[in-house]
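Trainee: First the structure, then my questions, so here it is.
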Amino acid sequence: MKILCLSGSLRANSSTQIVLNQITSTTLDDIEFVVYDNLGKLPHFNDSQEVPEAVANFRKALTDSDGVLIVTPEYAFGVPGTLKNALDWVVSSGELVNKPTAVIVASTGGENAMHALLLTLRAISANISEKSTLLVSFIRSKISKTEVTDGDLKLSLQRTVNDLIGNIRTVQP
Ligand SMILES: Cc1cc2nc3c(=O)[nH]c(=O)nc-3n(C[C@H](O)[C@H](O)[C@H](O)COP(=O)(O)O)c2cc1C
């Protein structure tokens with residue numbers, strides 16, 4: 001089972017990356033985490049008939065995955081532009097339609113990004129179960145420079161990923 005992981009942050013020393021590392025360093029039977037780290041290479045969305053290579057690669061990575069895990073901060077009360085741009089590229093092509101998807105917003109607050117991201121994902125018919133969303137506020141107090149230090153957060157991350165895996169198994173019995 002392949003889970004494609006998308007990060008909403010391109011920053012060096014990203015807290016999102018630390019959260020993602022915590023998840024992907026966990027060994028789970030039959031689960032392969034693939035971190036897609038080319039979101040920053042996608043051109044700004046346009047609807048020309050010619051599909052840029054970076055966009056084709058992104059769409060294929062989504063198609064080849066059994067589920068998608070999005071981990072993102074909130075920037076300026078919204079979804080980071082890089083992530084929103086990537087989602088705009090699959091509105092009409094449909095790679096996220098019915099795709100089991102989990103959303104983790106890890107930020108100082110994060111409520112606005114969570115709300116906006118769920119609106120977007122529902123608009124493109126991603127399959128998001130109730131427990132596959134996790135809002136982590138005050139993220140900086142729950143990590144060190146290199147790892148997640150908060151025990152409750154570690155458990156919540158595990159639960160969210162387990163729910164995503166359960167959702168994938170439901171659609172692919
Ligand atoms: C440009 C910028 C804007 C931010 N705006 C918000 C915001 O509106 N709401 C919020 O909860 N946190 C905001 N933050 C704080 C980030 O959520 C926090 O620093 C987080 O750890 C950043 O994640 P990253 O290190 O993975 O990029 C902002 C941070 C940056 C750099």
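Lettering and numbering for the structure tokens are positional, with chains as A, B, ... in the shown order, residues counted from 1 in each chain, and ligands counted from 1 in the shown order.
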Could you pull out the residues sitting within 7 Å of ligand 1, using only C-alpha atoms and all ligand atoms, and write them as a PyMOL selection string?

Mentor: chain A and resi 9-11+13-17+72-78+106-110+139-140

Trainee: Fewer than 5 positions away in the same chain doesn't count, so skip those; otherwise give me all residues within 10 Å of A:Ser141, counting only C-alpha atoms, as a ChimeraX atom specification.

Mentor: /A:108,148-150

Trainee: Between A:Ile3, A:Val34, A:Leu83, A:Met114, which is the closest to A:Ile165 once you count only C-alpha atoms?

Mentor: A:Ile3

Trainee: Quick one: everything within 12 Å of A:Gln158, counting only C-alpha atoms, minus sequence neighbours fewer than 6 positions away in the same chain. Send it as a ChimeraX atom specification.

Mentor: /A:19-20,22-28,102,104,131-134,151-152,164-165

Trainee: Grab the residues selected above and save them as a PDB file, in the first residue's frame with C-alpha atoms.

Mentor:
```pdb
ATOM      1  CA  VAL A  19       6.062  15.969  11.619  1.00  0.00           C
ATOM      2  CA  LEU A  20       6.317  14.159   8.298  1.00  0.00           C
ATOM      3  CA  GLN A  22       7.953  11.261  12.501  1.00  0.00           C
ATOM      4  CA  ILE A  23       5.250   9.589  10.414  1.00  0.00           C
ATOM      5  CA  THR A  24       7.407   8.196   7.640  1.00  0.00           C
ATOM      6  CA  SER A  25      10.052   6.813  10.003  1.00  0.00           C
ATOM      7  CA  THR A  26       7.451   4.485  11.499  1.00  0.00           C
ATOM      8  CA  THR A  27       7.611   1.005  10.045  1.00  0.00           C
ATOM      9  CA  LEU A  28       4.198  -0.399   9.258  1.00  0.00           C
ATOM     10  CA  ALA A 102      -5.771  12.470   5.469  1.00  0.00           C
ATOM     11  CA  ILE A 104      -2.796  17.226   9.252  1.00  0.00           C
ATOM     12  CA  LYS A 131     -10.877  10.782  11.911  1.00  0.00           C
ATOM     13  CA  SER A 132      -8.434  11.404   9.077  1.00  0.00           C
ATOM     14  CA  THR A 133      -8.088  15.069   9.980  1.00  0.00           C
ATOM     15  CA  LEU A 134      -5.862  16.370  12.726  1.00  0.00           C
ATOM     16  CA  GLY A 151       4.018  12.110  23.355  1.00  0.00           C
ATOM     17  CA  ASP A 152       0.342  12.960  22.798  1.00  0.00           C
ATOM     18  CA  LEU A 164      -6.161   6.627   6.682  1.00  0.00           C
ATOM     19  CA  ILE A 165      -4.940   3.051   6.272  1.00  0.00           C
TER      20      ILE A 165
END
```

Trainee: Using backbone DSSP assignments, extract all helix (DSSP H, G or I) residues from stretch 1-172 of chain A; output them as a PyMOL selection string.

Mentor: chain A and resi 15-24+39-41+53-63+81-88+111-123+130-132+139-142+151-171

Trainee: Residues of stretch 12-113 of chain A in strand (DSSP E or B) according to DSSP, as a PDB file with N, CA, C and O atoms, in the first residue's frame?

Mentor:
```
ATOM      1  N   GLU A  32       4.074   1.705   2.329  1.00  0.00           N
ATOM      2  CA  GLU A  32       5.226   2.472   1.842  1.00  0.00           C
ATOM      3  C   GLU A  32       4.831   3.957   1.811  1.00  0.00           C
ATOM      4  O   GLU A  32       3.847   4.320   1.160  1.00  0.00           O
ATOM      5  N   PHE A  33       5.580   4.779   2.550  1.00  0.00           N
ATOM      6  CA  PHE A  33       5.351   6.222   2.490  1.00  0.00           C
ATOM      7  C   PHE A  33       6.262   6.801   1.402  1.00  0.00           C
ATOM      8  O   PHE A  33       7.471   6.567   1.429  1.00  0.00           O
ATOM      9  N   VAL A  34       5.664   7.541   0.483  1.00  0.00           N
ATOM     10  CA  VAL A  34       6.459   8.202  -0.556  1.00  0.00           C
ATOM     11  C   VAL A  34       6.274   9.702  -0.378  1.00  0.00           C
ATOM     12  O   VAL A  34       5.154  10.206  -0.480  1.00  0.00           O
ATOM     13  N   VAL A  35       7.365  10.394  -0.069  1.00  0.00           N
ATOM     14  CA  VAL A  35       7.249  11.847   0.119  1.00  0.00           C
ATOM     15  C   VAL A  35       7.461  12.523  -1.226  1.00  0.00           C
ATOM     16  O   VAL A  35       8.502  12.360  -1.863  1.00  0.00           O
ATOM     17  N   TYR A  36       6.440  13.253  -1.655  1.00  0.00           N
ATOM     18  CA  TYR A  36       6.533  13.960  -2.937  1.00  0.00           C
ATOM     19  C   TYR A  36       7.127  15.334  -2.675  1.00  0.00           C
ATOM     20  O   TYR A  36       6.480  16.199  -2.109  1.00  0.00           O
ATOM     21  N   GLY A  67      -3.354   6.135  -1.234  1.00  0.00           N
ATOM     22  CA  GLY A  67      -3.906   7.158  -0.350  1.00  0.00           C
ATOM     23  C   GLY A  67      -2.950   8.339  -0.297  1.00  0.00           C
ATOM     24  O   GLY A  67      -1.786   8.233  -0.706  1.00  0.00           O
ATOM     25  N   VAL A  68      -3.458   9.458   0.191  1.00  0.00           N
ATOM     26  CA  VAL A  68      -2.656  10.685   0.236  1.00  0.00           C
ATOM     27  C   VAL A  68      -2.692  11.253   1.652  1.00  0.00           C
ATOM     28  O   VAL A  68      -3.748  11.269   2.295  1.00  0.00           O
ATOM     29  N   LEU A  69      -1.525  11.670   2.114  1.00  0.00           N
ATOM     30  CA  LEU A  69      -1.419  12.311   3.424  1.00  0.00           C
ATOM     31  C   LEU A  69      -0.872  13.718   3.212  1.00  0.00           C
ATOM     32  O   LEU A  69       0.228  13.890   2.686  1.00  0.00           O
ATOM     33  N   ILE A  70      -1.673  14.710   3.597  1.00  0.00           N
ATOM     34  CA  ILE A  70      -1.235  16.105   3.464  1.00  0.00           C
ATOM     35  C   ILE A  70      -0.879  16.630   4.852  1.00  0.00           C
ATOM     36  O   ILE A  70      -1.681  16.523   5.783  1.00  0.00           O
ATOM     37  N   VAL A  71       0.324  17.165   4.984  1.00  0.00           N
ATOM     38  CA  VAL A  71       0.725  17.804   6.238  1.00  0.00           C
ATOM     39  C   VAL A  71       1.120  19.233   5.894  1.00  0.00           C
ATOM     40  O   VAL A  71       1.958  19.452   5.010  1.00  0.00           O
ATOM     41  N   THR A  72       0.507  20.180   6.583  1.00  0.00           N
ATOM     42  CA  THR A  72       0.746  21.570   6.186  1.00  0.00           C
ATOM     43  C   THR A  72       0.636  22.542   7.350  1.00  0.00           C
ATOM     44  O   THR A  72      -0.124  22.302   8.289  1.00  0.00           O
ATOM     45  N   TYR A  75      -0.382  29.609   6.596  1.00  0.00           N
ATOM     46  CA  TYR A  75       0.341  30.855   6.365  1.00  0.00           C
ATOM     47  C   TYR A  75      -0.684  31.961   6.115  1.00  0.00           C
ATOM     48  O   TYR A  75      -1.572  31.795   5.258  1.00  0.00           O
ATOM     49  N   GLY A  78      -4.314  31.146   5.840  1.00  0.00           N
ATOM     50  CA  GLY A  78      -4.814  30.305   4.757  1.00  0.00           C
ATOM     51  C   GLY A  78      -3.898  29.132   4.469  1.00  0.00           C
ATOM     52  O   GLY A  78      -2.936  28.861   5.196  1.00  0.00           O
ATOM     53  N   PRO A 100      -8.622   8.068  -0.814  1.00  0.00           N
ATOM     54  CA  PRO A 100      -8.518   8.224   0.634  1.00  0.00           C
ATOM     55  C   PRO A 100      -7.419   9.233   0.982  1.00  0.00           C
ATOM     56  O   PRO A 100      -6.276   9.100   0.528  1.00  0.00           O
ATOM     57  N   THR A 101      -7.797  10.229   1.753  1.00  0.00           N
ATOM     58  CA  THR A 101      -6.890  11.359   2.015  1.00  0.00           C
ATOM     59  C   THR A 101      -6.969  11.751   3.489  1.00  0.00           C
ATOM     60  O   THR A 101      -8.062  11.817   4.050  1.00  0.00           O
ATOM     61  N   ALA A 102      -5.815  11.976   4.090  1.00  0.00           N
ATOM     62  CA  ALA A 102      -5.771  12.470   5.469  1.00  0.00           C
ATOM     63  C   ALA A 102      -5.131  13.854   5.462  1.00  0.00           C
ATOM     64  O   ALA A 102      -4.267  14.138   4.622  1.00  0.00           O
ATOM     65  N   VAL A 103      -5.576  14.691   6.393  1.00  0.00           N
ATOM     66  CA  VAL A 103      -5.083  16.068   6.457  1.00  0.00           C
ATOM     67  C   VAL A 103      -4.589  16.362   7.868  1.00  0.00           C
ATOM     68  O   VAL A 103      -5.332  16.225   8.837  1.00  0.00           O
ATOM     69  N   ILE A 104      -3.339  16.776   7.969  1.00  0.00           N
ATOM     70  CA  ILE A 104      -2.796  17.226   9.252  1.00  0.00           C
ATOM     71  C   ILE A 104      -2.353  18.675   9.074  1.00  0.00           C
ATOM     72  O   ILE A 104      -1.508  18.963   8.216  1.00  0.00           O
ATOM     73  N   VAL A 105      -2.973  19.573   9.827  1.00  0.00           N
ATOM     74  CA  VAL A 105      -2.521  20.962   9.833  1.00  0.00           C
ATOM     75  C   VAL A 105      -1.761  21.168  11.136  1.00  0.00           C
ATOM     76  O   VAL A 105      -2.314  20.981  12.227  1.00  0.00           O
ATOM     77  N   ALA A 106      -0.484  21.475  11.022  1.00  0.00           N
ATOM     78  CA  ALA A 106       0.373  21.672  12.202  1.00  0.00           C
ATOM     79  C   ALA A 106       0.911  23.086  12.130  1.00  0.00           C
ATOM     80  O   ALA A 106       1.712  23.409  11.243  1.00  0.00           O
TER      81      ALA A 106
END
```

Trainee: Tell me which of A:Thr160, A:Lys41, A:Thr63, A:Asn57 sits closest to A:Val136, counting only C-alpha atoms.

Mentor: A:Thr160

Trainee: Hey, which of A:Phe138, A:Asp66, A:Cys5, A:Thr82 ends up closest to A:Arg169? Count only C-alpha atoms.

Mentor: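 Between A:Phe138, A:Asp66, A:Cys5, A:Thr82, the residue approaching A:Arg169 most closely is A:Asp66.
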
Trainee: Using only C-alpha atoms, pick whichever of A:Lys99, A:Leu87, A:Thr120, A:Ser129 has the shortest atom-to-atom distance to A:Gln172.

Mentor: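 Among the listed residues, the smallest separation from A:Gln172 belongs to A:Lys99.
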
Trainee: Using only C-alpha atoms, which residue out of A:Val51, A:Ile124, A:Met1, A:Ile18 lies closest to A:Lys154?

Mentor: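 For A:Lys154, the nearest of the given residues is A:Ile18.
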